[in-house]
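Engineer: Here you go, this is protein_24.csv (CSV, C-alpha atoms).
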```csv
chain,number,residue,atom,x,y,z
A,1,MET,CA,-9.6,-49.7,3.2
A,2,ASN,CA,-7.3,-48.6,0.3
A,3,PHE,CA,-8.3,-45.0,0.9
A,4,VAL,CA,-7.5,-44.9,4.6
A,5,LYS,CA,-3.8,-44.4,4.2
A,6,PRO,CA,-3.8,-41.4,1.8
A,7,ILE,CA,-6.5,-39.8,3.9
A,8,LEU,CA,-4.5,-40.2,7.0
A,9,LEU,CA,-1.5,-38.7,5.3
A,10,VAL,CA,-3.4,-35.7,4.1
A,11,VAL,CA,-4.9,-35.2,7.6
A,12,ALA,CA,-1.4,-35.4,9.1
A,13,ALA,CA,0.0,-32.9,6.6
A,14,VAL,CA,-2.8,-30.4,7.1
A,15,GLY,CA,-2.5,-30.9,10.9
A,16,LEU,CA,1.2,-30.2,10.7
A,17,ALA,CA,0.7,-27.1,8.6
A,18,ALA,CA,-2.1,-25.8,10.8
A,19,CYS,CA,-0.5,-26.5,14.2
A,20,ASP,CA,2.9,-25.1,13.4
A,21,PRO,CA,3.2,-22.2,15.9
A,22,VAL,CA,3.6,-19.1,13.9
A,23,GLY,CA,4.4,-16.4,16.5
A,24,PRO,CA,4.1,-12.6,16.0
A,25,ASP,CA,6.4,-12.5,13.1
A,26,LYS,CA,4.2,-13.0,10.0
A,27,SER,CA,6.7,-11.9,7.5
A,28,ARG,CA,7.7,-15.4,6.3
A,29,ASP,CA,6.0,-18.3,4.6
A,30,ARG,CA,5.7,-20.9,7.3
A,31,GLN,CA,4.3,-23.8,5.3
A,32,SER,CA,6.0,-27.0,5.9
A,33,VAL,CA,5.3,-28.2,2.4
A,34,ASP,CA,5.7,-25.1,0.1
A,35,ARG,CA,7.8,-22.7,2.2
A,36,ASP,CA,9.4,-19.8,0.3
A,37,ASP,CA,10.4,-16.1,0.7
A,38,LEU,CA,7.4,-13.7,0.7
A,39,THR,CA,9.5,-10.8,-0.8
A,40,GLY,CA,10.2,-12.8,-4.0
A,41,MET,CA,6.6,-13.6,-4.9
A,42,LYS,CA,5.5,-13.0,-8.5
A,43,ALA,CA,2.3,-11.1,-9.0
A,44,GLY,CA,-0.3,-11.0,-11.8
A,45,ILE,CA,-3.1,-8.5,-12.2
A,46,TRP,CA,-6.7,-9.1,-11.4
A,47,VAL,CA,-9.1,-6.5,-12.8
A,48,ASP,CA,-12.1,-5.7,-10.5
A,49,PRO,CA,-15.6,-5.2,-11.9
A,50,ASN,CA,-15.0,-1.4,-12.0
A,51,GLY,CA,-12.0,-2.0,-14.3
A,52,CYS,CA,-9.3,-1.2,-11.7
A,53,ASP,CA,-6.1,-3.3,-11.2
A,54,HIS,CA,-5.2,-5.4,-8.1
A,55,TRP,CA,-2.0,-7.4,-7.6
A,56,ILE,CA,-2.8,-11.1,-7.3
A,57,ILE,CA,-0.4,-13.8,-6.1
A,58,ASP,CA,-1.0,-17.5,-5.7
A,59,ASP,CA,1.7,-18.6,-3.2
A,60,GLY,CA,0.6,-22.2,-3.0
A,61,VAL,CA,-1.6,-22.5,0.1
A,62,GLU,CA,-1.8,-18.7,0.6
A,63,GLY,CA,-3.4,-16.3,-1.8
A,64,TYR,CA,-2.8,-12.6,-1.8
A,65,LEU,CA,-4.7,-9.6,-3.3
A,66,SER,CA,-3.7,-6.0,-2.9
A,67,GLN,CA,-4.7,-2.8,-4.6
A,68,ARG,CA,-2.5,-1.3,-7.4
A,69,LEU,CA,-2.2,2.4,-6.6
A,70,ASP,CA,-0.5,5.3,-8.5
A,71,LYS,CA,1.9,7.7,-6.7
A,72,TYR,CA,-1.0,9.9,-5.7
A,73,GLY,CA,-2.8,7.0,-4.0
A,74,LYS,CA,-5.5,6.7,-6.7
A,75,PRO,CA,-6.5,3.3,-8.0
A,76,VAL,CA,-4.8,2.3,-11.3
A,77,CYS,CA,-7.3,1.3,-13.9
A,78,SER,CA,-5.0,0.6,-16.8
A,79,GLY,CA,-7.3,-1.4,-19.1
A,80,ILE,CA,-4.7,-4.2,-19.2
A,81,ALA,CA,-7.6,-6.7,-19.2
A,82,PRO,CA,-11.4,-6.7,-19.2
A,83,PRO,CA,-13.2,-6.6,-15.7
A,84,THR,CA,-13.1,-9.8,-13.6
A,85,ILE,CA,-10.1,-11.2,-15.6
A,86,ALA,CA,-6.9,-12.3,-13.9
A,87,THR,CA,-3.8,-12.0,-16.1
A,88,GLY,CA,-0.1,-12.7,-15.8
A,89,ASP,CA,2.1,-15.4,-14.4
A,90,PHE,CA,1.0,-15.2,-10.8
A,91,LYS,CA,0.9,-18.9,-9.8
A,92,GLY,CA,4.7,-19.2,-9.4
A,93,GLY,CA,4.3,-20.0,-5.7
A,94,SER,CA,2.3,-23.2,-6.3
A,95,THR,CA,4.5,-26.3,-5.9
A,96,SER,CA,4.4,-29.8,-7.2
A,97,VAL,CA,3.4,-30.9,-3.8
A,98,ILE,CA,0.4,-28.6,-3.3
A,99,GLY,CA,-0.2,-27.6,-6.9
A,100,ASP,CA,-3.0,-25.2,-7.0
A,101,PRO,CA,-5.7,-26.6,-4.7
A,102,LEU,CA,-8.2,-23.9,-5.4
B,1,MET,CA,4.1,-27.8,54.5
B,2,ALA,CA,3.6,-25.7,57.6
B,3,TYR,CA,6.6,-23.6,56.7
B,4,ARG,CA,5.3,-23.0,53.3
B,5,ILE,CA,1.9,-21.7,54.6
B,6,THR,CA,3.5,-19.4,57.1
B,7,LYS,CA,5.7,-18.1,54.3
B,8,ALA,CA,2.7,-17.4,52.1
B,9,ILE,CA,0.8,-15.7,54.8
B,10,GLY,CA,3.9,-13.6,55.6
B,11,ALA,CA,4.1,-12.6,52.0
B,12,MET,CA,0.4,-11.7,51.9
B,13,ALA,CA,0.7,-9.6,55.0
B,14,LEU,CA,3.7,-7.8,53.5
B,15,ALA,CA,1.8,-7.1,50.3
B,16,ALA,CA,-1.1,-5.8,52.3
B,17,LEU,CA,1.1,-3.6,54.3
B,18,ALA,CA,2.9,-2.3,51.2
B,19,GLY,CA,-0.5,-1.7,49.5
B,20,LEU,CA,-1.8,0.2,52.5
B,21,SER,CA,1.3,2.3,52.9
B,22,ALA,CA,1.4,3.1,49.1
B,23,ALA,CA,-2.3,4.0,49.0
B,24,ALA,CA,-2.5,6.0,52.2
B,25,PRO,CA,-0.3,9.0,51.0
B,26,ALA,CA,-1.9,9.1,47.6
B,27,VAL,CA,-5.3,9.5,49.2
B,28,ALA,CA,-4.1,12.2,51.5
B,29,GLU,CA,-2.4,14.1,48.7
B,30,ASP,CA,-5.4,13.8,46.3
B,31,ALA,CA,-7.7,15.5,48.8
B,32,GLY,CA,-8.7,18.5,46.7
B,33,LYS,CA,-5.2,19.7,45.8
B,34,THR,CA,-3.7,17.9,42.8
B,35,PRO,CA,-5.7,17.3,39.6
B,36,PHE,CA,-6.8,13.7,39.4
B,37,ILE,CA,-6.7,11.7,36.2
B,38,SER,CA,-9.2,8.9,36.3
B,39,THR,CA,-7.9,5.4,35.6
B,40,GLN,CA,-11.4,4.0,35.6
B,41,ASN,CA,-12.0,4.3,31.8
B,42,THR,CA,-8.8,2.4,30.5
B,43,ARG,CA,-9.5,-0.2,27.9
B,44,THR,CA,-8.1,-3.7,27.9
B,45,ILE,CA,-7.4,-4.9,24.4
B,46,LYS,CA,-7.5,-8.5,23.6
B,47,GLY,CA,-5.2,-9.1,20.7
B,48,GLU,CA,-2.3,-10.9,19.1
B,49,GLN,CA,0.8,-9.4,17.6
B,50,TYR,CA,1.0,-9.6,13.8
B,51,ILE,CA,4.3,-8.2,12.5
B,52,PRO,CA,4.1,-7.8,8.7
B,53,GLY,CA,6.8,-8.3,6.0
B,54,ILE,CA,7.1,-6.0,3.0
B,55,TRP,CA,6.4,-7.1,-0.6
B,56,VAL,CA,7.4,-4.7,-3.4
B,57,ASP,CA,5.1,-4.7,-6.4
B,58,PRO,CA,6.4,-4.5,-10.0
B,59,ASP,CA,5.6,-0.7,-10.0
B,60,GLY,CA,8.1,-0.4,-7.0
B,61,CYS,CA,5.5,0.3,-4.3
B,62,GLU,CA,5.4,-1.5,-0.9
B,63,HIS,CA,2.7,-3.7,0.5
B,64,TRP,CA,2.3,-5.2,4.0
B,65,VAL,CA,2.2,-8.9,3.8
B,66,MET,CA,1.5,-11.5,6.5
B,67,ASP,CA,1.5,-15.3,6.4
B,68,ASP,CA,-0.4,-16.8,9.3
B,69,GLY,CA,0.4,-20.4,8.6
B,70,VAL,CA,-2.4,-21.3,6.1
B,71,GLU,CA,-3.9,-17.8,5.5
B,72,GLY,CA,-2.2,-15.0,3.8
B,73,TYR,CA,-3.0,-11.3,4.1
B,74,MET,CA,-1.9,-8.2,2.1
B,75,SER,CA,-2.6,-4.5,2.0
B,76,PRO,CA,-0.9,-1.5,0.3
B,77,HIS,CA,1.6,0.4,2.4
B,78,VAL,CA,0.4,4.0,2.4
B,79,THR,CA,1.2,7.0,4.6
B,80,ARG,CA,-1.4,8.4,7.0
B,81,LYS,CA,-2.2,10.9,4.3
B,82,GLY,CA,-3.0,8.0,1.9
B,83,ILE,CA,0.1,8.3,-0.3
B,84,PRO,CA,1.7,5.0,-1.3
B,85,VAL,CA,5.2,4.3,-0.1
B,86,CYS,CA,7.3,3.5,-3.2
B,87,ARG,CA,10.9,2.7,-3.9
B,88,ARG,CA,10.7,4.3,-7.3
B,89,ALA,CA,8.0,6.3,-9.1
B,90,ASN,CA,6.2,5.1,-12.2
B,91,THR,CA,6.4,8.6,-13.7
B,92,CYS,CA,7.7,7.9,-17.2
B,93,GLY,CA,7.6,11.5,-18.5
B,94,VAL,CA,7.7,15.0,-17.0
B,95,MET,CA,7.0,17.8,-19.4
B,96,ASN,CA,8.3,21.2,-18.4
B,97,THR,CA,5.3,23.3,-19.2
B,98,ASP,CA,7.4,26.4,-20.1
B,99,GLN,CA,8.5,24.5,-23.2
B,100,PHE,CA,5.0,23.8,-24.3
B,101,PHE,CA,2.7,26.5,-23.0
B,102,ALA,CA,2.8,30.3,-22.8
B,103,THR,CA,2.1,31.8,-19.4
B,104,ASP,CA,-1.6,31.3,-18.4
B,105,SER,CA,-2.3,29.4,-21.7
B,106,TYR,CA,-3.2,25.8,-22.4
B,107,ARG,CA,-2.7,25.9,-26.1
B,108,ILE,CA,0.1,23.7,-27.5
B,109,SER,CA,2.1,24.8,-30.6
B,110,LYS,CA,2.3,22.6,-33.7
B,111,HIS,CA,5.9,21.8,-32.8
B,112,GLY,CA,5.0,20.9,-29.2
B,113,GLN,CA,2.1,18.7,-30.4
B,114,ALA,CA,4.6,16.8,-32.7
B,115,ARG,CA,7.0,16.2,-29.8
B,116,ILE,CA,4.2,14.9,-27.5
B,117,ALA,CA,2.8,12.6,-30.3
B,118,GLU,CA,6.4,11.3,-30.8
B,119,PHE,CA,6.7,10.5,-27.1
B,120,PHE,CA,3.4,8.6,-27.0
B,121,ARG,CA,4.2,6.7,-30.2
B,122,SER,CA,7.5,5.4,-28.7
B,123,ALA,CA,6.3,4.7,-25.2
B,124,SER,CA,4.7,1.3,-25.1
B,125,ALA,CA,2.6,1.4,-21.9
B,126,VAL,CA,-0.9,-0.2,-21.6
B,127,GLY,CA,-2.3,3.0,-20.0
B,128,TYR,CA,-1.4,6.5,-19.1
B,129,VAL,CA,-2.5,9.0,-16.4
B,130,ILE,CA,-1.9,12.7,-17.3
B,131,ALA,CA,-1.5,15.0,-14.3
B,132,GLY,CA,-1.0,18.8,-14.6
B,133,HIS,CA,0.7,21.0,-12.0
B,134,THR,CA,1.5,24.7,-11.5
B,135,ASP,CA,3.6,26.9,-9.3
B,136,SER,CA,1.9,28.8,-6.4
B,137,ARG,CA,1.3,32.1,-8.0
B,138,ALA,CA,-2.3,33.1,-8.6
B,139,SER,CA,-5.3,31.5,-6.7
B,140,ASP,CA,-5.6,27.9,-5.9
B,141,GLU,CA,-8.8,27.7,-7.9
B,142,TYR,CA,-7.3,29.3,-11.0
B,143,ASN,CA,-4.3,26.9,-10.8
B,144,ILE,CA,-6.5,23.8,-10.5
B,145,LYS,CA,-8.3,24.9,-13.7
B,146,LEU,CA,-5.2,25.9,-15.6
B,147,SER,CA,-3.3,22.6,-14.7
B,148,TYR,CA,-6.4,20.6,-15.7
B,149,ASN,CA,-6.8,22.3,-19.0
B,150,ARG,CA,-3.1,21.8,-19.8
B,151,ALA,CA,-3.3,18.1,-18.9
B,152,LEU,CA,-6.4,17.8,-21.1
B,153,ALA,CA,-4.5,19.4,-24.0
B,154,VAL,CA,-1.7,16.9,-23.6
B,155,ALA,CA,-4.2,14.0,-23.4
B,156,ARG,CA,-5.9,15.2,-26.6
B,157,VAL,CA,-2.6,14.8,-28.5
B,158,ALA,CA,-1.9,11.5,-26.9
B,159,ARG,CA,-5.3,10.1,-27.8
B,160,SER,CA,-4.9,11.3,-31.4
B,161,VAL,CA,-2.0,8.8,-31.8
B,162,GLY,CA,-3.9,5.9,-30.1
B,163,ALA,CA,-2.6,6.1,-26.5
B,164,ASN,CA,-4.9,4.7,-23.8
B,165,ILE,CA,-5.4,7.7,-21.5
B,166,THR,CA,-7.2,6.3,-18.4
B,167,ASP,CA,-7.3,9.5,-16.3
B,168,VAL,CA,-6.6,13.3,-16.7
B,169,ARG,CA,-6.1,15.4,-13.6
B,170,GLY,CA,-5.3,18.9,-12.5
B,171,TYR,CA,-3.5,19.2,-9.1
B,172,GLY,CA,-2.8,22.9,-9.4
B,173,GLU,CA,-0.3,24.1,-6.9
B,174,ARG,CA,-1.1,21.4,-4.3
B,175,MET,CA,1.6,18.8,-5.2
B,176,PRO,CA,4.8,20.8,-5.5
B,177,VAL,CA,8.1,18.9,-6.1
B,178,ALA,CA,10.3,22.0,-5.3
B,179,THR,CA,10.1,25.2,-3.3
B,180,ASN,CA,8.0,28.0,-4.6
B,181,LYS,CA,10.3,30.6,-3.0
B,182,THR,CA,12.9,30.5,-5.9
B,183,ALA,CA,12.5,31.0,-9.6
B,184,GLN,CA,14.1,27.6,-10.3
B,185,GLY,CA,11.8,25.9,-7.8
B,186,MET,CA,8.7,27.4,-9.4
B,187,ALA,CA,9.9,26.4,-12.9
B,188,LYS,CA,10.2,22.8,-11.6
B,189,ASN,CA,6.7,22.9,-10.2
B,190,ARG,CA,5.2,24.0,-13.6
B,191,ARG,CA,4.9,20.6,-15.2
B,192,VAL,CA,2.7,17.9,-16.7
B,193,GLU,CA,3.4,14.4,-15.4
B,194,ILE,CA,2.8,11.4,-17.5
B,195,LEU,CA,2.3,8.1,-15.5
B,196,CYS,CA,2.8,4.9,-17.5
B,197,PHE,CA,1.3,1.6,-16.6
B,198,ARG,CA,2.7,-1.5,-18.2
```
Using C-alpha coordinates, write down the structure from this file.
Structural biologist:
Amino acid sequence: MNFVKPILLVVAAVGLAACDPVGPDKSRDRQSVDRDDLTGMKAGIWVDPNGCDHWIIDDGVEGYLSQRLDKYGKPVCSGIAPPTIATGDFKGGSTSVIGDPL
Amino acid sequence: MAYRITKAIGAMALAALAGLSAAAPAVAEDAGKTPFISTQNTRTIKGEQYIPGIWVDPDGCEHWVMDDGVEGYMSPHVTRKGIPVCRRANTCGVMNTDQFFATDSYRISKHGQARIAEFFRSASAVGYVIAGHTDSRASDEYNIKLSYNRALAVARVARSVGANITDVRGYGERMPVATNKTAQGMAKNRRVEILCFR
(Lines of atoms letter the chains of each structure in order from A and count residues from 1; the text may use other names and numbers.)
(Lines give C-alpha, C1' and ligand atoms only; values in the text may rest on other atoms or scores of the structure.)
Protein backbone atom coordinates (compact mmCIF):
# COMPACT_ATOMS: atom_id res chain seq x y z
CA MET A 1 0.00 0.00 0.00
CA ASN A 2 2.87 2.32 0.81
CA PHE A 3 4.23 1.89 -2.71
CA VAL A 4 1.04 2.79 -4.53
CA LYS A 5 1.40 6.57 -4.21
CA PRO A 6 4.96 6.90 -5.55
CA ILE A 7 4.19 4.49 -8.39
CA LEU A 8 1.12 6.51 -9.33
CA LEU A 9 3.23 9.68 -9.28
CA VAL A 10 5.85 8.17 -11.55
CA VAL A 11 3.19 6.86 -13.93
CA ALA A 12 1.57 10.30 -14.02
CA ALA A 13 4.90 12.03 -14.66
CA VAL A 14 5.85 9.64 -17.47
CA GLY A 15 2.35 9.96 -18.90
CA LEU A 16 2.61 13.74 -18.90
CA ALA A 17 6.01 13.67 -20.53
CA ALA A 18 4.99 11.17 -23.19
CA CYS A 19 1.61 12.65 -24.08
CA ASP A 20 2.82 16.22 -24.38
CA PRO A 21 2.01 16.97 -28.03
CA VAL A 22 5.34 17.87 -29.65
CA GLY A 23 4.34 19.04 -33.14
CA PRO A 24 6.67 19.30 -36.15
CA ASP A 25 9.21 21.61 -34.48
CA LYS A 26 11.65 19.21 -32.78
CA SER A 27 14.29 21.84 -32.10
CA ARG A 28 13.48 22.28 -28.42
CA ASP A 29 13.63 20.11 -25.34
CA ARG A 30 9.96 19.50 -24.46
CA GLN A 31 10.40 17.59 -21.22
CA SER A 32 8.08 18.82 -18.52
CA VAL A 33 10.62 17.93 -15.86
CA ASP A 34 14.08 18.70 -17.30
CA ARG A 35 13.40 21.20 -20.06
CA ASP A 36 16.41 23.14 -21.40
CA ASP A 37 17.82 24.65 -24.59
CA LEU A 38 19.17 22.13 -27.11
CA THR A 39 21.83 24.51 -28.45
CA GLY A 40 23.50 24.87 -25.06
CA MET A 41 24.12 21.16 -24.49
CA LYS A 42 27.59 20.12 -23.32
CA ALA A 43 29.17 17.17 -25.08
CA GLY A 44 31.78 14.62 -24.17
CA ILE A 45 33.54 12.20 -26.48
CA TRP A 46 32.79 8.52 -26.90
CA VAL A 47 35.39 6.50 -28.74
CA ASP A 48 33.96 3.75 -30.94
CA PRO A 49 35.57 0.28 -31.25
CA ASN A 50 37.55 1.51 -34.31
CA GLY A 51 39.07 4.31 -32.23
CA CYS A 52 37.07 7.16 -33.80
CA ASP A 53 35.41 10.00 -31.90
CA HIS A 54 31.69 10.70 -31.46
CA TRP A 55 30.07 13.55 -29.56
CA ILE A 56 28.01 12.16 -26.70
CA ILE A 57 25.44 14.16 -24.72
CA ASP A 58 23.26 13.11 -21.83
CA ASP A 59 20.43 15.64 -21.70
CA GLY A 60 18.47 14.04 -18.89
CA VAL A 61 15.81 11.84 -20.50
CA GLU A 62 17.26 12.20 -24.02
CA GLY A 63 20.65 10.95 -25.07
CA TYR A 64 22.46 12.10 -28.22
CA LEU A 65 25.34 10.65 -30.23
CA SER A 66 26.78 12.17 -33.41
CA GLN A 67 29.95 11.62 -35.41
CA ARG A 68 32.93 13.92 -34.98
CA LEU A 69 34.12 14.85 -38.50
CA ASP A 70 37.05 16.91 -39.74
CA LYS A 71 36.64 19.68 -42.35
CA TYR A 72 37.00 17.16 -45.18
CA GLY A 73 34.21 14.96 -43.81
CA LYS A 74 36.49 12.16 -42.57
CA PRO A 75 36.02 10.67 -39.09
CA VAL A 76 38.24 12.14 -36.37
CA CYS A 77 40.14 9.39 -34.57
CA SER A 78 42.15 11.59 -32.21
CA GLY A 79 43.24 8.96 -29.69
CA ILE A 80 41.80 11.04 -26.85
CA ALA A 81 40.72 7.82 -25.09
CA PRO A 82 40.89 4.05 -25.69
CA PRO A 83 38.10 2.41 -27.78
CA THR A 84 34.67 2.10 -26.07
CA ILE A 85 35.54 4.79 -23.47
CA ALA A 86 33.34 7.87 -22.93
CA THR A 87 35.20 10.87 -21.59
CA GLY A 88 34.39 14.44 -20.63
CA ASP A 89 31.67 16.26 -18.73
CA PHE A 90 28.67 15.30 -20.88
CA LYS A 91 26.03 14.65 -18.21
CA GLY A 92 25.34 18.36 -17.72
CA GLY A 93 21.72 17.97 -18.86
CA SER A 94 20.81 15.50 -16.14
CA THR A 95 18.78 17.19 -13.45
CA SER A 96 18.19 16.53 -9.79
CA VAL A 97 14.64 15.44 -10.69
CA ILE A 98 15.61 12.89 -13.32
CA GLY A 99 19.24 12.32 -12.42
CA ASP A 100 20.71 9.87 -14.85
CA PRO A 101 18.13 7.10 -15.19
CA LEU A 102 20.23 4.96 -17.51
CA MET B 1 -34.18 18.03 -42.62
CA ALA B 2 -35.74 17.89 -46.03
CA TYR B 3 -34.12 21.16 -46.88
CA ARG B 4 -30.72 19.83 -45.90
CA ILE B 5 -31.05 16.75 -48.07
CA THR B 6 -32.11 18.68 -51.13
CA LYS B 7 -29.20 21.04 -50.55
CA ALA B 8 -26.81 18.11 -50.38
CA ILE B 9 -28.23 16.54 -53.49
CA GLY B 10 -27.99 19.88 -55.24
CA ALA B 11 -24.36 20.19 -54.27
CA MET B 12 -23.61 16.66 -55.51
CA ALA B 13 -25.33 17.37 -58.78
CA LEU B 14 -23.32 20.56 -59.17
CA ALA B 15 -20.08 18.72 -58.42
CA ALA B 16 -20.93 16.03 -60.92
CA LEU B 17 -21.68 18.64 -63.55
CA ALA B 18 -18.44 20.47 -62.79
CA GLY B 19 -16.52 17.20 -62.95
CA LEU B 20 -18.06 16.32 -66.27
CA SER B 21 -17.52 19.70 -67.82
CA ALA B 22 -13.90 19.76 -66.60
CA ALA B 23 -13.15 16.25 -67.81
CA ALA B 24 -14.83 16.48 -71.18
CA PRO B 25 -12.51 19.06 -72.83
CA ALA B 26 -9.41 17.35 -71.40
CA VAL B 27 -10.35 14.07 -73.01
CA ALA B 28 -11.11 15.78 -76.28
CA GLU B 29 -7.78 17.64 -76.28
CA ASP B 30 -5.73 14.62 -75.30
CA ALA B 31 -6.88 12.61 -78.23
CA GLY B 32 -3.55 12.08 -79.98
CA LYS B 33 -2.30 15.68 -79.98
CA THR B 34 -0.73 16.82 -76.69
CA PRO B 35 1.88 14.70 -74.92
CA PHE B 36 0.30 13.06 -71.90
CA ILE B 37 2.07 12.75 -68.56
CA SER B 38 0.64 9.88 -66.58
CA THR B 39 -0.51 10.64 -63.08
CA GLN B 40 -1.08 6.96 -62.32
CA ASN B 41 2.37 6.35 -60.75
CA THR B 42 2.40 9.13 -58.13
CA ARG B 43 3.40 8.05 -54.64
CA THR B 44 1.54 8.92 -51.50
CA ILE B 45 3.97 9.31 -48.59
CA LYS B 46 2.80 8.66 -45.09
CA GLY B 47 4.91 10.80 -42.80
CA GLU B 48 5.21 13.30 -40.04
CA GLN B 49 7.14 16.56 -40.17
CA TYR B 50 10.33 16.69 -38.06
CA ILE B 51 11.94 20.14 -38.15
CA PRO B 52 15.42 19.92 -36.59
CA GLY B 53 17.36 22.38 -34.48
CA ILE B 54 21.09 22.96 -34.83
CA TRP B 55 23.69 22.10 -32.22
CA VAL B 56 27.26 23.36 -32.69
CA ASP B 57 29.96 20.99 -31.44
CA PRO B 58 33.14 22.21 -29.67
CA ASP B 59 35.02 22.02 -33.04
CA GLY B 60 32.53 24.58 -34.44
CA CYS B 61 30.63 22.17 -36.72
CA GLU B 62 26.85 21.89 -36.94
CA HIS B 63 24.65 18.89 -36.12
CA TRP B 64 20.94 18.35 -36.72
CA VAL B 65 19.23 17.75 -33.40
CA MET B 66 15.67 16.72 -32.68
CA ASP B 67 13.80 16.18 -29.44
CA ASP B 68 10.64 14.12 -29.86
CA GLY B 69 9.45 14.33 -26.29
CA VAL B 70 11.27 11.43 -24.68
CA GLU B 71 13.57 10.43 -27.55
CA GLY B 72 16.44 12.51 -28.84
CA TYR B 73 18.09 12.27 -32.28
CA MET B 74 21.28 13.76 -33.71
CA SER B 75 23.27 13.59 -36.96
CA PRO B 76 26.11 15.69 -38.42
CA HIS B 77 25.09 18.51 -40.79
CA VAL B 78 26.98 17.80 -44.03
CA THR B 79 26.48 19.14 -47.55
CA ARG B 80 25.29 16.82 -50.32
CA LYS B 81 28.95 16.31 -51.16
CA GLY B 82 29.62 15.09 -47.62
CA ILE B 83 31.49 18.15 -46.38
CA PRO B 84 30.58 19.17 -42.80
CA VAL B 85 29.02 22.60 -42.29
CA CYS B 86 31.21 24.41 -39.75
CA ARG B 87 31.17 27.92 -38.30
CA ARG B 88 34.95 27.87 -37.88
CA ALA B 89 37.63 25.45 -39.07
CA ASN B 90 39.82 23.41 -36.77
CA THR B 91 42.85 24.05 -38.96
CA CYS B 92 45.45 25.20 -36.47
CA GLY B 93 48.34 25.61 -38.86
CA VAL B 94 48.79 26.21 -42.59
CA MET B 95 52.34 25.92 -43.91
CA ASN B 96 53.10 27.76 -47.09
CA THR B 97 55.05 25.02 -48.86
CA ASP B 98 57.19 27.54 -50.79
CA GLN B 99 58.95 28.31 -47.50
CA PHE B 100 59.73 24.67 -46.76
CA PHE B 101 60.08 22.86 -50.09
CA ALA B 102 61.80 23.53 -53.41
CA THR B 103 59.64 23.11 -56.54
CA ASP B 104 58.77 19.40 -57.08
CA SER B 105 60.70 18.43 -53.94
CA TYR B 106 59.49 16.97 -50.66
CA ARG B 107 62.75 17.38 -48.76
CA ILE B 108 62.69 19.80 -45.81
CA SER B 109 65.81 21.81 -44.93
CA LYS B 110 67.38 21.62 -41.45
CA HIS B 111 66.03 25.10 -40.71
CA GLY B 112 62.52 24.13 -41.89
CA GLN B 113 62.58 20.97 -39.76
CA ALA B 114 63.49 23.03 -36.69
CA ARG B 115 60.56 25.40 -37.30
CA ILE B 116 58.10 22.48 -37.72
CA ALA B 117 59.42 20.78 -34.58
CA GLU B 118 58.98 24.03 -32.65
CA PHE B 119 55.36 24.32 -33.86
CA PHE B 120 54.45 20.81 -32.70
CA ARG B 121 56.26 21.27 -29.37
CA SER B 122 54.20 24.38 -28.56
CA ALA B 123 50.83 23.13 -29.95
CA SER B 124 49.21 21.02 -27.28
CA ALA B 125 46.61 19.04 -29.25
CA VAL B 126 45.70 15.41 -28.56
CA GLY B 127 45.97 14.45 -32.22
CA TYR B 128 46.88 15.93 -35.59
CA VAL B 129 45.94 15.31 -39.22
CA ILE B 130 48.45 16.45 -41.85
CA ALA B 131 47.00 17.22 -45.31
CA GLY B 132 49.16 18.24 -48.29
CA HIS B 133 47.90 20.33 -51.26
CA THR B 134 49.34 21.64 -54.53
CA ASP B 135 48.34 24.11 -57.24
CA SER B 136 46.86 22.82 -60.51
CA ARG B 137 50.04 22.70 -62.61
CA ALA B 138 51.24 19.20 -63.64
CA SER B 139 48.99 16.14 -63.68
CA ASP B 140 46.45 15.29 -61.02
CA GLU B 141 48.21 11.98 -60.32
CA TYR B 142 51.61 13.67 -59.92
CA ASN B 143 50.14 16.30 -57.58
CA ILE B 144 48.44 13.69 -55.38
CA LYS B 145 51.80 11.95 -54.97
CA LEU B 146 53.78 15.16 -54.36
CA SER B 147 51.32 16.53 -51.78
CA TYR B 148 51.26 13.17 -49.97
CA ASN B 149 55.05 12.98 -49.85
CA ARG B 150 55.24 16.55 -48.49
CA ALA B 151 52.62 15.74 -45.82
CA LEU B 152 54.62 12.61 -44.91
CA ALA B 153 57.80 14.69 -44.55
CA VAL B 154 56.02 17.08 -42.16
CA ALA B 155 54.51 14.15 -40.24
CA ARG B 156 57.96 12.57 -39.82
CA VAL B 157 59.28 15.73 -38.12
CA ALA B 158 56.13 16.01 -35.98
CA ARG B 159 56.42 12.40 -34.80
CA SER B 160 60.09 12.94 -33.94
CA VAL B 161 59.02 15.41 -31.23
CA GLY B 162 56.28 13.11 -29.91
CA ALA B 163 53.20 14.52 -31.70
CA ASN B 164 50.32 12.05 -32.18
CA ILE B 165 49.76 12.10 -35.96
CA THR B 166 46.50 10.23 -36.60
CA ASP B 167 46.33 10.61 -40.40
CA VAL B 168 48.51 11.82 -43.29
CA ARG B 169 46.82 12.76 -46.59
CA GLY B 170 47.65 14.10 -50.03
CA TYR B 171 44.76 15.94 -51.71
CA GLY B 172 46.86 17.18 -54.65
CA GLU B 173 45.07 19.95 -56.56
CA ARG B 174 41.56 18.74 -55.68
CA MET B 175 40.87 21.01 -52.67
CA PRO B 176 41.93 24.52 -53.72
CA VAL B 177 41.40 27.46 -51.37
CA ALA B 178 42.07 30.09 -54.07
CA THR B 179 41.96 30.47 -57.83
CA ASN B 180 44.63 28.72 -59.90
CA LYS B 181 44.42 31.48 -62.54
CA THR B 182 46.72 33.91 -60.71
CA ALA B 183 50.23 33.50 -59.27
CA GLN B 184 49.03 34.60 -55.80
CA GLY B 185 46.15 32.11 -55.91
CA MET B 186 48.45 29.25 -56.87
CA ALA B 187 50.87 30.17 -54.07
CA LYS B 188 47.97 29.99 -51.61
CA ASN B 189 47.01 26.55 -52.88
CA ARG B 190 50.54 25.17 -52.38
CA ARG B 191 50.20 24.34 -48.69
CA VAL B 192 50.32 21.72 -45.97
CA GLU B 193 47.42 21.97 -43.52
CA ILE B 194 47.70 20.83 -39.94
CA LEU B 195 44.37 19.96 -38.28
CA CYS B 196 44.48 19.92 -34.48
CA PHE B 197 42.10 17.97 -32.27
CA ARG B 198 41.89 18.77 -28.59
Engineer: Any idea what's packed within 7 Å of B:Val157, counting only C-alpha atoms, ignoring anything in its chain fewer than 5 positions away? Could you give it as an MDAnalysis selection string?
Structural biologist: chainID B and resid 113 116:117
Engineer: Counting all atoms listed in the file, collect the residues of chain B whose closest atom lies at most 9 Å from chain A, and write them out as a PyMOL selection string.
Structural biologist: chain B and resi 48-59+61+63-76+78+82-86+89-91+126-129+164-167+195-198
Engineer: Can you work out the spacing between atom CA of B:Arg137 and atom CA of B:Ala153 in Å, to one decimal?
Structural biologist: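 Atom CA of B:Arg137 sits 21.2 Å away from atom CA of B:Ala153.
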Engineer: Just to confirm, what's the straight-line distance from atom CA of B:Ile144 to atom CA of B:Gly132 in Å (one decimal)?
Structural biologist: 8.5 Å
Engineer: Would you mind reading off the distance between atom CA of B:His77 and atom CA of B:Glu62, one decimal, in Å?
Structural biologist: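 Those two atoms sit 5.4 Å apart.
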Engineer: Need the shell around A:Pro49: protein/DNA/RNA residues with any atom at most 12 Å away, counting only C-alpha atoms. Skip same-chain ones fewer than 4 positions apart. Format as an MDAnalysis selection string?
Structural biologist: chainID A and resid 53:54 77 79 81:86
